[in-house]
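Structure file structure.cif with mmCIF, C-alpha atoms:
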```
data_run
#
loop_
_atom_site.group_PDB
_atom_site.id
_atom_site.type_symbol
_atom_site.label_atom_id
_atom_site.label_comp_id
_atom_site.auth_asym_id
_atom_site.auth_seq_id
_atom_site.Cartn_x
_atom_site.Cartn_y
_atom_site.Cartn_z
ATOM 1 C CA MET A 1 79.511 230.393 -0.468
ATOM 2 C CA SER A 2 79.181 233.949 0.850
ATOM 3 C CA LYS A 3 81.084 236.854 -0.690
ATOM 4 C CA LEU A 4 83.167 237.128 2.486
ATOM 5 C CA ASP A 5 84.126 233.436 2.335
ATOM 6 C CA GLN A 6 85.075 233.819 -1.337
ATOM 7 C CA ILE A 7 87.457 236.623 -0.387
ATOM 8 C CA LEU A 8 88.955 234.792 2.591
ATOM 9 C CA GLN A 9 89.521 231.597 0.605
ATOM 10 C CA ASN A 10 91.141 233.358 -2.342
ATOM 11 C CA ARG A 11 94.732 232.130 -2.521
ATOM 12 C CA THR A 12 95.502 232.554 -6.200
ATOM 13 C CA GLU A 13 94.540 236.064 -7.349
ATOM 14 C CA GLY A 14 96.639 239.178 -6.876
ATOM 15 C CA ALA A 15 96.155 241.897 -4.264
ATOM 16 C CA ALA A 16 94.427 244.206 -6.755
ATOM 17 C CA ALA A 17 91.691 241.624 -7.395
ATOM 18 C CA ILE A 18 91.232 241.060 -3.663
ATOM 19 C CA GLU A 19 90.867 244.811 -3.133
ATOM 20 C CA VAL A 20 88.136 244.999 -5.800
ATOM 21 C CA ALA A 21 86.266 242.104 -4.157
ATOM 22 C CA THR A 22 86.573 243.739 -0.727
ATOM 23 C CA ILE A 23 85.156 247.035 -1.986
ATOM 24 C CA SER A 24 82.292 245.108 -3.591
ATOM 25 C CA LEU A 25 81.570 243.503 -0.212
ATOM 26 C CA ILE A 26 81.608 246.928 1.453
ATOM 27 C CA ARG A 27 79.086 248.277 -1.040
ATOM 28 C CA LYS A 28 76.891 245.228 -0.467
ATOM 29 C CA HIS A 29 76.828 246.048 3.253
ATOM 30 C CA LEU A 30 76.090 249.720 2.652
ATOM 31 C CA ASN A 31 73.296 249.016 0.163
ATOM 32 C CA ALA A 32 71.496 246.551 2.434
ATOM 33 C CA PRO A 33 67.999 247.610 3.597
ATOM 34 C CA ARG A 34 69.389 247.944 7.114
ATOM 35 C CA PRO A 35 73.160 248.498 6.894
ATOM 36 C CA SER A 36 75.044 247.002 9.809
ATOM 37 C CA VAL A 37 78.258 248.886 10.503
ATOM 38 C CA ARG A 38 79.116 246.382 13.223
ATOM 39 C CA GLN A 39 78.935 243.455 10.781
ATOM 40 C CA LEU A 40 80.918 245.385 8.183
ATOM 41 C CA LEU A 41 83.689 246.113 10.672
ATOM 42 C CA SER A 42 83.695 242.474 11.769
ATOM 43 C CA ASP A 43 84.114 241.307 8.158
ATOM 44 C CA LEU A 44 86.905 243.820 7.554
ATOM 45 C CA LYS A 45 88.757 242.647 10.638
ATOM 46 C CA ARG A 46 88.780 239.098 9.264
ATOM 47 C CA ILE A 47 89.914 240.275 5.813
ATOM 48 C CA ARG A 48 92.669 242.450 7.279
ATOM 49 C CA SER A 49 93.928 239.531 9.358
ATOM 50 C CA ARG A 50 93.814 237.089 6.446
ATOM 51 C CA PHE A 51 95.723 239.404 4.099
ATOM 52 C CA ALA A 52 98.031 241.036 6.632
ATOM 53 C CA GLN A 53 100.923 241.017 4.144
ATOM 54 C CA MET A 54 99.067 243.101 1.527
ATOM 55 C CA ALA A 55 99.580 246.823 1.985
ATOM 56 C CA ASN A 56 96.590 247.817 -0.154
ATOM 57 C CA ILE A 57 94.203 245.678 1.929
ATOM 58 C CA ILE A 58 95.607 247.057 5.186
ATOM 59 C CA LYS A 59 95.285 250.632 3.924
ATOM 60 C CA LEU A 60 91.755 250.034 2.616
ATOM 61 C CA CYS A 61 90.540 248.487 5.877
ATOM 62 C CA ASP A 62 92.121 251.259 7.964
ATOM 63 C CA PHE A 63 90.597 253.907 5.684
ATOM 64 C CA ILE A 64 87.130 252.409 6.099
ATOM 65 C CA VAL A 65 87.370 252.018 9.876
ATOM 66 C CA CYS A 66 88.592 255.593 10.275
ATOM 67 C CA ASN A 67 85.981 257.174 7.993
ATOM 68 C CA LEU A 68 83.011 255.125 9.171
ATOM 69 C CA ALA A 69 83.704 256.338 12.678
ATOM 70 C CA THR A 70 83.600 260.028 11.685
ATOM 71 C CA ASN A 71 81.107 260.239 8.783
ATOM 72 C CA GLN A 72 77.519 259.411 7.972
ATOM 73 C CA ILE A 73 77.069 256.513 5.524
ATOM 74 C CA GLY A 74 76.245 258.877 2.636
ATOM 75 C CA GLU A 75 79.385 260.958 3.238
ATOM 76 C CA PHE A 76 81.421 257.804 3.668
ATOM 77 C CA GLU A 77 80.280 256.445 0.299
ATOM 78 C CA ASN A 78 81.492 259.651 -1.386
ATOM 79 C CA LYS A 79 84.894 259.298 0.262
ATOM 80 C CA LEU A 80 85.068 255.627 -0.697
ATOM 81 C CA ASN A 81 84.324 256.535 -4.328
ATOM 82 C CA LYS A 82 87.166 259.085 -4.325
ATOM 83 C CA TYR A 83 89.508 256.608 -2.644
ATOM 84 C CA GLN A 84 88.735 253.923 -5.217
ATOM 85 C CA SER A 85 88.954 256.347 -8.163
ATOM 86 C CA SER A 86 92.368 257.576 -7.038
ATOM 87 C CA ASN A 87 93.704 254.020 -6.725
ATOM 88 C CA GLU A 88 92.256 252.983 -10.084
ATOM 89 C CA ARG A 89 93.758 256.020 -11.815
ATOM 90 C CA ASN A 90 97.216 255.303 -10.419
ATOM 91 C CA ARG A 91 96.873 251.639 -11.301
ATOM 92 C CA ARG A 92 95.987 252.486 -14.920
ATOM 93 C CA GLU A 93 99.049 254.732 -15.091
ATOM 94 C CA THR A 94 101.184 251.917 -13.654
ATOM 95 C CA VAL A 95 99.883 249.389 -16.181
ATOM 96 C CA LEU A 96 100.476 251.844 -19.043
ATOM 97 C CA LYS A 97 104.042 252.605 -17.937
ATOM 98 C CA ALA A 98 104.788 248.884 -17.497
ATOM 99 C CA SER A 99 103.309 247.988 -20.901
ATOM 100 C CA LYS A 100 105.473 250.574 -22.643
ATOM 101 C CA THR A 101 108.525 249.183 -20.832
ATOM 102 C CA ILE A 102 107.619 245.600 -21.807
ATOM 103 C CA MET A 103 107.539 246.597 -25.478
ATOM 104 C CA ARG A 104 111.281 247.301 -25.373
ATOM 105 C CA TYR A 105 112.061 243.611 -24.858
ATOM 106 C CA ALA A 106 111.593 240.436 -26.918
ATOM 107 C CA SER A 107 111.102 238.107 -23.949
ATOM 108 C CA ILE A 108 110.142 238.617 -20.325
ATOM 109 C CA PHE A 109 110.134 236.392 -17.266
ATOM 110 C CA THR A 110 107.405 236.784 -14.663
ATOM 111 C CA PHE A 111 106.447 234.961 -11.506
ATOM 112 C CA SER A 112 103.153 234.147 -9.774
ATOM 113 C CA ASN A 113 99.919 235.806 -10.936
ATOM 114 C CA SER A 114 100.223 239.576 -10.549
ATOM 115 C CA THR A 115 97.078 241.264 -11.869
ATOM 116 C CA THR A 116 99.059 244.400 -12.705
ATOM 117 C CA VAL A 117 101.796 242.586 -14.636
ATOM 118 C CA ARG A 118 99.200 240.497 -16.472
ATOM 119 C CA ASP A 119 97.235 243.586 -17.525
ATOM 120 C CA ALA A 120 100.458 245.278 -18.649
ATOM 121 C CA VAL A 121 101.289 242.275 -20.849
ATOM 122 C CA PHE A 122 97.761 242.321 -22.303
ATOM 123 C CA LEU A 123 98.057 246.036 -23.055
ATOM 124 C CA ALA A 124 101.489 245.596 -24.647
ATOM 125 C CA ALA A 125 100.132 242.800 -26.862
ATOM 126 C CA LYS A 126 97.146 244.953 -27.807
ATOM 127 C CA SER A 127 99.601 247.675 -28.796
ATOM 128 C CA GLY A 128 101.481 245.349 -31.128
ATOM 129 C CA TRP A 129 104.019 243.589 -28.888
ATOM 130 C CA ARG A 130 104.726 240.050 -30.116
ATOM 131 C CA GLY A 131 107.216 238.961 -27.521
ATOM 132 C CA ARG A 132 107.372 235.846 -25.379
ATOM 133 C CA VAL A 133 106.459 235.411 -21.706
ATOM 134 C CA LEU A 134 108.299 232.857 -19.547
ATOM 135 C CA VAL A 135 106.667 231.804 -16.281
ATOM 136 C CA THR A 136 107.026 229.053 -13.682
ATOM 137 C CA GLU A 137 104.064 227.223 -12.167
ATOM 138 C CA GLY A 138 104.247 228.784 -8.680
ATOM 139 C CA ARG A 139 103.587 225.908 -6.308
ATOM 140 C CA PRO A 140 101.712 224.991 -4.208
ATOM 141 C CA LYS A 141 98.678 226.868 -5.620
ATOM 142 C CA LYS A 142 100.163 227.167 -9.128
ATOM 143 C CA GLU A 143 99.396 230.847 -9.649
ATOM 144 C CA GLY A 144 101.892 230.877 -12.517
ATOM 145 C CA THR A 145 99.937 228.149 -14.274
ATOM 146 C CA LEU A 146 96.769 230.249 -13.970
ATOM 147 C CA LEU A 147 98.604 233.220 -15.462
ATOM 148 C CA ALA A 148 99.979 231.109 -18.335
ATOM 149 C CA LYS A 149 96.476 229.869 -19.192
ATOM 150 C CA LYS A 150 95.114 233.420 -19.340
ATOM 151 C CA LEU A 151 97.985 234.640 -21.503
ATOM 152 C CA ALA A 152 97.760 231.658 -23.858
ATOM 153 C CA ALA A 153 93.991 232.118 -24.172
ATOM 154 C CA ALA A 154 94.683 235.652 -25.391
ATOM 155 C CA GLY A 155 97.064 234.342 -28.053
ATOM 156 C CA ILE A 156 100.246 235.479 -26.290
ATOM 157 C CA ASP A 157 103.364 233.332 -26.753
ATOM 158 C CA VAL A 158 103.993 231.837 -23.303
ATOM 159 C CA THR A 159 106.319 229.162 -21.925
ATOM 160 C CA LEU A 160 105.358 227.465 -18.636
ATOM 161 C CA SER A 161 107.836 225.400 -16.648
ATOM 162 C CA VAL A 162 108.340 223.822 -13.235
ATOM 163 C CA ASP A 163 109.636 226.153 -10.514
ATOM 164 C CA ALA A 164 113.029 224.437 -10.325
ATOM 165 C CA PHE A 165 113.745 225.553 -13.907
ATOM 166 C CA MET A 166 113.438 229.218 -12.900
ATOM 167 C CA PRO A 167 117.176 230.111 -13.065
ATOM 168 C CA HIS A 168 117.396 228.878 -16.653
ATOM 169 C CA LEU A 169 114.306 230.837 -17.731
ATOM 170 C CA ILE A 170 115.698 233.985 -16.162
ATOM 171 C CA LYS A 171 119.066 233.433 -17.838
ATOM 172 C CA THR A 172 117.416 233.101 -21.268
ATOM 173 C CA SER A 173 114.960 236.004 -20.861
ATOM 174 C CA ASP A 174 115.671 239.670 -21.557
ATOM 175 C CA VAL A 175 114.040 241.160 -18.478
ATOM 176 C CA ILE A 176 112.031 240.317 -15.350
ATOM 177 C CA PHE A 177 108.649 241.796 -14.422
ATOM 178 C CA ILE A 178 107.024 240.850 -11.120
ATOM 179 C CA GLY A 179 104.324 242.350 -8.937
ATOM 180 C CA ALA A 180 104.361 243.237 -5.244
ATOM 181 C CA ASP A 181 101.912 243.038 -2.368
ATOM 182 C CA CYS A 182 103.782 245.727 -0.456
ATOM 183 C CA ILE A 183 106.687 248.086 -1.101
ATOM 184 C CA THR A 184 108.596 249.874 1.660
ATOM 185 C CA GLU A 185 111.773 251.941 1.651
ATOM 186 C CA ARG A 186 113.828 248.863 2.571
ATOM 187 C CA TYR A 187 112.190 245.895 0.885
ATOM 188 C CA PHE A 188 109.161 244.650 -1.013
ATOM 189 C CA VAL A 189 106.827 241.753 -0.224
ATOM 190 C CA ASN A 190 105.644 239.239 -2.804
ATOM 191 C CA LYS A 191 104.967 235.549 -3.471
ATOM 192 C CA ILE A 192 107.644 233.374 -1.896
ATOM 193 C CA GLY A 193 110.273 232.620 -4.503
ATOM 194 C CA SER A 194 110.540 236.285 -5.479
ATOM 195 C CA GLY A 195 113.811 236.529 -3.570
ATOM 196 C CA MET A 196 115.215 233.743 -5.735
ATOM 197 C CA VAL A 197 114.005 235.603 -8.817
ATOM 198 C CA VAL A 198 115.826 238.801 -7.823
ATOM 199 C CA GLU A 199 119.001 236.968 -6.820
ATOM 200 C CA SER A 200 119.102 234.955 -10.047
ATOM 201 C CA ALA A 201 118.435 238.078 -12.129
ATOM 202 C CA ALA A 202 121.293 239.893 -10.393
ATOM 203 C CA LYS A 203 123.610 236.940 -11.031
ATOM 204 C CA HIS A 204 122.796 236.998 -14.753
ATOM 205 C CA LYS A 205 122.725 240.816 -14.892
ATOM 206 C CA LYS A 206 119.110 240.964 -16.022
ATOM 207 C CA PRO A 207 117.035 244.080 -15.300
ATOM 208 C CA VAL A 208 114.195 243.638 -12.804
ATOM 209 C CA PHE A 209 111.050 245.777 -12.734
ATOM 210 C CA VAL A 210 108.700 245.461 -9.770
ATOM 211 C CA VAL A 211 105.307 246.734 -10.906
ATOM 212 C CA ALA A 212 102.882 248.026 -8.271
ATOM 213 C CA ASP A 213 100.534 250.989 -7.933
ATOM 214 C CA SER A 214 100.667 253.479 -5.060
ATOM 215 C CA SER A 215 98.177 251.509 -2.924
ATOM 216 C CA LYS A 216 101.005 249.006 -2.300
ATOM 217 C CA VAL A 217 103.407 251.679 -1.032
ATOM 218 C CA VAL A 218 103.784 252.052 2.731
ATOM 219 C CA SER A 219 106.545 253.106 5.107
ATOM 220 C CA HIS A 220 108.354 250.336 6.964
ATOM 221 C CA ARG A 221 107.792 252.446 10.083
ATOM 222 C CA VAL A 222 104.062 251.645 10.052
ATOM 223 C CA TYR A 223 104.040 248.299 8.236
ATOM 224 C CA ARG A 224 105.016 245.089 9.996
ATOM 225 C CA PHE A 225 105.528 241.997 7.864
ATOM 226 C CA ILE A 226 103.837 238.939 9.385
ATOM 227 C CA PRO A 227 105.022 235.565 8.033
ATOM 228 C CA ASP A 228 102.038 233.449 7.013
ATOM 229 C CA GLU A 229 101.499 229.739 7.552
ATOM 230 C CA ASN A 230 99.093 227.902 5.256
ATOM 231 C CA PRO A 231 97.609 224.380 5.226
ATOM 232 C CA SER A 232 100.246 221.632 5.154
ATOM 233 C CA HIS A 233 98.060 219.373 2.977
ATOM 234 C CA GLU A 234 98.771 221.692 0.016
ATOM 235 C CA ILE A 235 102.311 220.278 0.064
ATOM 236 C CA THR A 236 101.909 216.774 1.463
ATOM 237 C CA SER A 237 99.336 214.446 3.002
ATOM 238 C CA ILE A 238 102.007 212.848 5.179
ATOM 239 C CA LYS A 239 101.678 213.551 8.890
ATOM 240 C CA ALA A 240 104.351 212.758 11.437
ATOM 241 C CA ASN A 241 105.199 214.222 14.829
ATOM 242 C CA SER A 242 108.842 214.548 13.777
ATOM 243 C CA MET A 243 108.083 216.469 10.557
ATOM 244 C CA LYS A 244 107.320 220.177 10.347
ATOM 245 C CA VAL A 245 105.769 221.463 7.109
ATOM 246 C CA LEU A 246 106.427 225.073 6.070
ATOM 247 C CA ASN A 247 103.932 226.465 3.574
ATOM 248 C CA ARG A 248 104.414 230.212 3.292
ATOM 249 C CA TYR A 249 103.079 232.347 0.460
ATOM 250 C CA PHE A 250 104.907 235.613 1.141
ATOM 251 C CA GLU A 251 108.433 236.816 1.794
ATOM 252 C CA THR A 252 110.354 240.076 2.060
ATOM 253 C CA VAL A 253 112.871 240.798 -0.712
ATOM 254 C CA ILE A 254 115.784 243.248 -0.732
ATOM 255 C CA PRO A 255 116.415 244.948 -4.119
ATOM 256 C CA LEU A 256 119.558 243.745 -5.893
ATOM 257 C CA GLY A 257 121.304 244.340 -9.200
ATOM 258 C CA LYS A 258 119.659 246.261 -12.056
ATOM 259 C CA PHE A 259 116.454 246.911 -10.138
ATOM 260 C CA SER A 260 113.638 249.466 -10.536
ATOM 261 C CA TYR A 261 110.081 250.022 -9.339
ATOM 262 C CA ILE A 262 107.291 251.037 -11.712
ATOM 263 C CA CYS A 263 104.676 252.986 -9.769
ATOM 264 C CA GLY A 264 102.193 255.197 -11.584
ATOM 265 C CA ARG A 265 104.012 257.151 -14.276
ATOM 266 C CA ARG A 266 107.299 256.851 -12.426
ATOM 267 C CA LEU A 267 110.304 254.619 -12.778
ATOM 268 C CA VAL A 268 111.844 254.692 -9.293
ATOM 269 C CA MET A 269 115.239 253.411 -8.188
ATOM 270 C CA PRO A 270 115.325 251.719 -4.742
ATOM 271 C CA ASP A 271 117.525 254.442 -3.226
ATOM 272 C CA ASP A 272 114.960 257.060 -4.224
ATOM 273 C CA PHE A 273 111.908 255.178 -3.038
ATOM 274 C CA GLY A 274 111.897 256.860 0.363
ATOM 275 C CA LYS A 275 110.937 260.120 -1.355
ATOM 276 C CA LEU A 276 107.897 258.447 -2.949
ATOM 277 C CA VAL A 277 106.813 256.988 0.418
#
```
What would the structure in this file look like if it were written as structure tokens?
Amino acid sequence: MSKLDQILQNRTEGAAAIEVATISLIRKHLNAPRPSVRQLLSDLKRIRSRFAQMANIIKLCDFIVCNLATNQIGEFENKLNKYQSSNERNRRETVLKASKTIMRYASIFTFSNSTTVRDAVFLAAKSGWRGRVLVTEGRPKKEGTLLAKKLAAAGIDVTLSVDAFMPHLIKTSDVIFIGADCITERYFVNKIGSGMVVESAAKHKKPVFVVADSSKVVSHRVYRFIPDENPSHEITSIKANSMKVLNRYFETVIPLGKFSYICGRRLVMPDDFGKLV
């Protein structure tokens, strides 16, 4: 399987991991004996279309298209290095801020398989945190199960349950940490089911922290959420003309209740997020 196909078929890892893989593909193109800008742009178009809900992938693809058109390959590589370094620095700051926040609580609930949340939990545990992580499986691709396996392998106390048990896990946890594929002034985008997480947390008066670095931040004036439709066989093998199967991975979520964003070194309230954008 080609590197491009691996990226396009990735349905379980977070946006940060997909960005790293995309940059690796870009470098592979640039380091080829005869770099083909046309092929690179063609690959990026497919990646941008496949991950149209992920702000960091949209911003990365647009950055590359813009700079390849105005710079020589050598100059472009320097700009790409700076772009990647800036994102990585902000992401490290985000993980550090989130890990310090996690350490204030005995138990946390999380959802799906956010790379940033996972790394924050790892860092908190490395710093002495001995709390418990509650997570649901995250059907149909079971991203939550993947996260639970990684946490358990690291010796972290984790409880995995079916998705339908989510309200109870939230009720019995101290706090909620989830990632985001995009954050705008009005809403954030994440794995479908995140809206239920926020609503349930508000009902039980639990604090919610959405953890995402600055690459996920974009104004709603330039970002357009596109609902995704994925293969029906992931849910059922039954086919009937009278049955429509909805299999969406992403949804928009409006902040509710005791809600904050963690972005870089900042803890940002929803009403103040427009200033960060």
- request: Could you please give me, as JSON, numbers by chain, the residues of protein, DNA or RNA lying at most 7 Å from (118.6, 243.9, -8.2) in the coordinate frame of the file, considering only C-alpha atoms?
  value: {"A": [198, 202, 208, 255, 256, 257, 258, 259]}
task: Mind checking which residues fall within 7 Å of Phe177 in chain A, counting only C-alpha atoms, ignoring those fewer than 5 positions away in the same chain, and posting them as a ChimeraX atom specification?
output: /A:108-110,117,208-211
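Here CA of Cys66 in chain A stands at a distance of 24.6 Å from CA of Ala212 in chain A.
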Would you kindly translate the PyMOL selection byres ((chain A and resi 80) around 10) into the concrete residues it picks from this file, as a PDB file with C-alpha atoms, in the coordinates of the input?
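The result, written out as part.pdb:
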```
ATOM      1  CA  ILE A  23      85.156 247.035  -1.986  1.00  0.00           C
ATOM      2  CA  ILE A  26      81.608 246.928   1.453  1.00  0.00           C
ATOM      3  CA  ARG A  27      79.086 248.277  -1.040  1.00  0.00           C
ATOM      4  CA  LEU A  60      91.755 250.034   2.616  1.00  0.00           C
ATOM      5  CA  PHE A  63      90.597 253.907   5.684  1.00  0.00           C
ATOM      6  CA  ILE A  64      87.130 252.409   6.099  1.00  0.00           C
ATOM      7  CA  ASN A  67      85.981 257.174   7.993  1.00  0.00           C
ATOM      8  CA  GLY A  74      76.245 258.877   2.636  1.00  0.00           C
ATOM      9  CA  GLU A  75      79.385 260.958   3.238  1.00  0.00           C
ATOM     10  CA  PHE A  76      81.421 257.804   3.668  1.00  0.00           C
ATOM     11  CA  GLU A  77      80.280 256.445   0.299  1.00  0.00           C
ATOM     12  CA  ASN A  78      81.492 259.651  -1.386  1.00  0.00           C
ATOM     13  CA  LYS A  79      84.894 259.298   0.262  1.00  0.00           C
ATOM     14  CA  ASN A  81      84.324 256.535  -4.328  1.00  0.00           C
ATOM     15  CA  LYS A  82      87.166 259.085  -4.325  1.00  0.00           C
ATOM     16  CA  TYR A  83      89.508 256.608  -2.644  1.00  0.00           C
ATOM     17  CA  GLN A  84      88.735 253.923  -5.217  1.00  0.00           C
ATOM     18  CA  SER A  85      88.954 256.347  -8.163  1.00  0.00           C
ATOM     19  CA  SER A  86      92.368 257.576  -7.038  1.00  0.00           C
TER      20      SER A  86
END
```
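Proximity of A:Arg46, A:Arg118, A:Arg34, A:Arg139 to Thr94 in chain A, computed with all atoms listed in the file, is greatest for A:Arg118.
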- prompt: Suppose you want the space between CA of Val121 in chain A and CA of Thr252 in chain A; what is it in Å?
  reply: 24.7 Å
message: Just want the 9 Å neighbourhood of Ala15 in chain A, counted on only C-alpha atoms, with same-chain residues fewer than 6 positions away dropped. Output as a list in words.
response: Phe51, Met54, Ala55, Asn56, Ile57, Ser114, Thr115, Ala180, Asp181 and Lys216 of chain A
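In terms of minimum interatomic distance to Ala164 in chain A, A:Val197 ranks closest within A:Ser49, A:Val197, A:Lys239, A:Ile73, counting only C-alpha atoms.
The two atoms in question, CA of Arg265 in chain A and CA of Ala16 in chain A, are spaced 17.8 Å apart.
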field: Selection result for the PyMOL selection byres ((chain A and resi 93) around 9) on this file, as JSON, numbers by chain
entry: {"A": [88, 89, 90, 91, 92, 94, 95, 96, 97, 98, 213, 263, 264, 265, 266]}
Determine the residue membership of the PyMOL selection byres ((chain A and resi 4) around 12) for the file above and supply it as an mmCIF file with C-alpha atoms, keeping the file's coordinate frame.
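Once everything was written out, this is part06.cif:
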```
data_model
loop_
_atom_site.group_PDB
_atom_site.id
_atom_site.type_symbol
_atom_site.label_atom_id
_atom_site.label_comp_id
_atom_site.auth_asym_id
_atom_site.auth_seq_id
_atom_site.Cartn_x
_atom_site.Cartn_y
_atom_site.Cartn_z
ATOM 1 C CA MET A 1 79.511 230.393 -0.468
ATOM 2 C CA SER A 2 79.181 233.949 0.850
ATOM 3 C CA LYS A 3 81.084 236.854 -0.690
ATOM 4 C CA ASP A 5 84.126 233.436 2.335
ATOM 5 C CA GLN A 6 85.075 233.819 -1.337
ATOM 6 C CA ILE A 7 87.457 236.623 -0.387
ATOM 7 C CA LEU A 8 88.955 234.792 2.591
ATOM 8 C CA GLN A 9 89.521 231.597 0.605
ATOM 9 C CA ASN A 10 91.141 233.358 -2.342
ATOM 10 C CA ILE A 18 91.232 241.060 -3.663
ATOM 11 C CA ALA A 21 86.266 242.104 -4.157
ATOM 12 C CA THR A 22 86.573 243.739 -0.727
ATOM 13 C CA ILE A 23 85.156 247.035 -1.986
ATOM 14 C CA SER A 24 82.292 245.108 -3.591
ATOM 15 C CA LEU A 25 81.570 243.503 -0.212
ATOM 16 C CA ILE A 26 81.608 246.928 1.453
ATOM 17 C CA LYS A 28 76.891 245.228 -0.467
ATOM 18 C CA HIS A 29 76.828 246.048 3.253
ATOM 19 C CA GLN A 39 78.935 243.455 10.781
ATOM 20 C CA LEU A 40 80.918 245.385 8.183
ATOM 21 C CA SER A 42 83.695 242.474 11.769
ATOM 22 C CA ASP A 43 84.114 241.307 8.158
ATOM 23 C CA LEU A 44 86.905 243.820 7.554
ATOM 24 C CA LYS A 45 88.757 242.647 10.638
ATOM 25 C CA ARG A 46 88.780 239.098 9.264
ATOM 26 C CA ILE A 47 89.914 240.275 5.813
ATOM 27 C CA ARG A 48 92.669 242.450 7.279
ATOM 28 C CA ARG A 50 93.814 237.089 6.446
#
```
message: I want to know what sits within 9 Å of Phe250 in chain A, based on only C-alpha atoms, with residues of the same chain fewer than 2 positions away left out; could you give that as a VMD selection string?
response: chain A and resid 53 181 189 to 194 226 to 228 248 252
Residues from last step as file, C-alpha atoms, as a short mmCIF file (atom, residue, chain, number, x, y, z; two decimals), in the frame of the given file:
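Dumped everything to result.cif:
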```
data_model
loop_
_atom_site.label_atom_id
_atom_site.label_comp_id
_atom_site.auth_asym_id
_atom_site.auth_seq_id
_atom_site.Cartn_x
_atom_site.Cartn_y
_atom_site.Cartn_z
CA GLN A 53 100.92 241.02 4.14
CA ASP A 181 101.91 243.04 -2.37
CA VAL A 189 106.83 241.75 -0.22
CA ASN A 190 105.64 239.24 -2.80
CA LYS A 191 104.97 235.55 -3.47
CA ILE A 192 107.64 233.37 -1.90
CA GLY A 193 110.27 232.62 -4.50
CA SER A 194 110.54 236.28 -5.48
CA ILE A 226 103.84 238.94 9.38
CA PRO A 227 105.02 235.56 8.03
CA ASP A 228 102.04 233.45 7.01
CA ARG A 248 104.41 230.21 3.29
CA THR A 252 110.35 240.08 2.06
#
```
query: Which residue gives the smallest distance to Pro35 in chain A among A:Asn241, A:Ser99, A:Thr12, A:Gln72, with only C-alpha atoms counted?
result: A:Gln72
task: May I ask which of the residues A:Ala120, A:Ile170, A:Ile102, A:Ser112 is the closest one to Gly144 in chain A, counting all atoms listed in the file?
output: A:Ser112
If we count all atoms listed in the file, what is near Thr172 in chain A at a cut-off of 10 Å, once residues fewer than 3 positions away on the same chain are taken out, given as a PDB file with C-alpha atoms, in the coordinates of the input?
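Final output, saved to around22.pdb:
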```
ATOM      1  CA  SER A 107     111.102 238.107 -23.949  1.00  0.00           C
ATOM      2  CA  ILE A 108     110.142 238.617 -20.325  1.00  0.00           C
ATOM      3  CA  PHE A 109     110.134 236.392 -17.266  1.00  0.00           C
ATOM      4  CA  LEU A 134     108.299 232.857 -19.547  1.00  0.00           C
ATOM      5  CA  PRO A 167     117.176 230.111 -13.065  1.00  0.00           C
ATOM      6  CA  HIS A 168     117.396 228.878 -16.653  1.00  0.00           C
ATOM      7  CA  LEU A 169     114.306 230.837 -17.731  1.00  0.00           C
ATOM      8  CA  VAL A 175     114.040 241.160 -18.478  1.00  0.00           C
ATOM      9  CA  HIS A 204     122.796 236.998 -14.753  1.00  0.00           C
ATOM     10  CA  LYS A 206     119.110 240.964 -16.022  1.00  0.00           C
TER      11      LYS A 206
END
```
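Between Lys59 in chain A and the residues A:Asn31, A:Ser173, A:Asn113, A:Ser219, the shortest atom-to-atom distance, using only C-alpha atoms, involves A:Ser219.
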message: For a quick check of understanding, using all atoms listed in the file, which of A:Ala148, A:Ile183, A:Leu123, A:Ile176 has the smallest distance to Ala106 in chain A?
response: A:Ile176
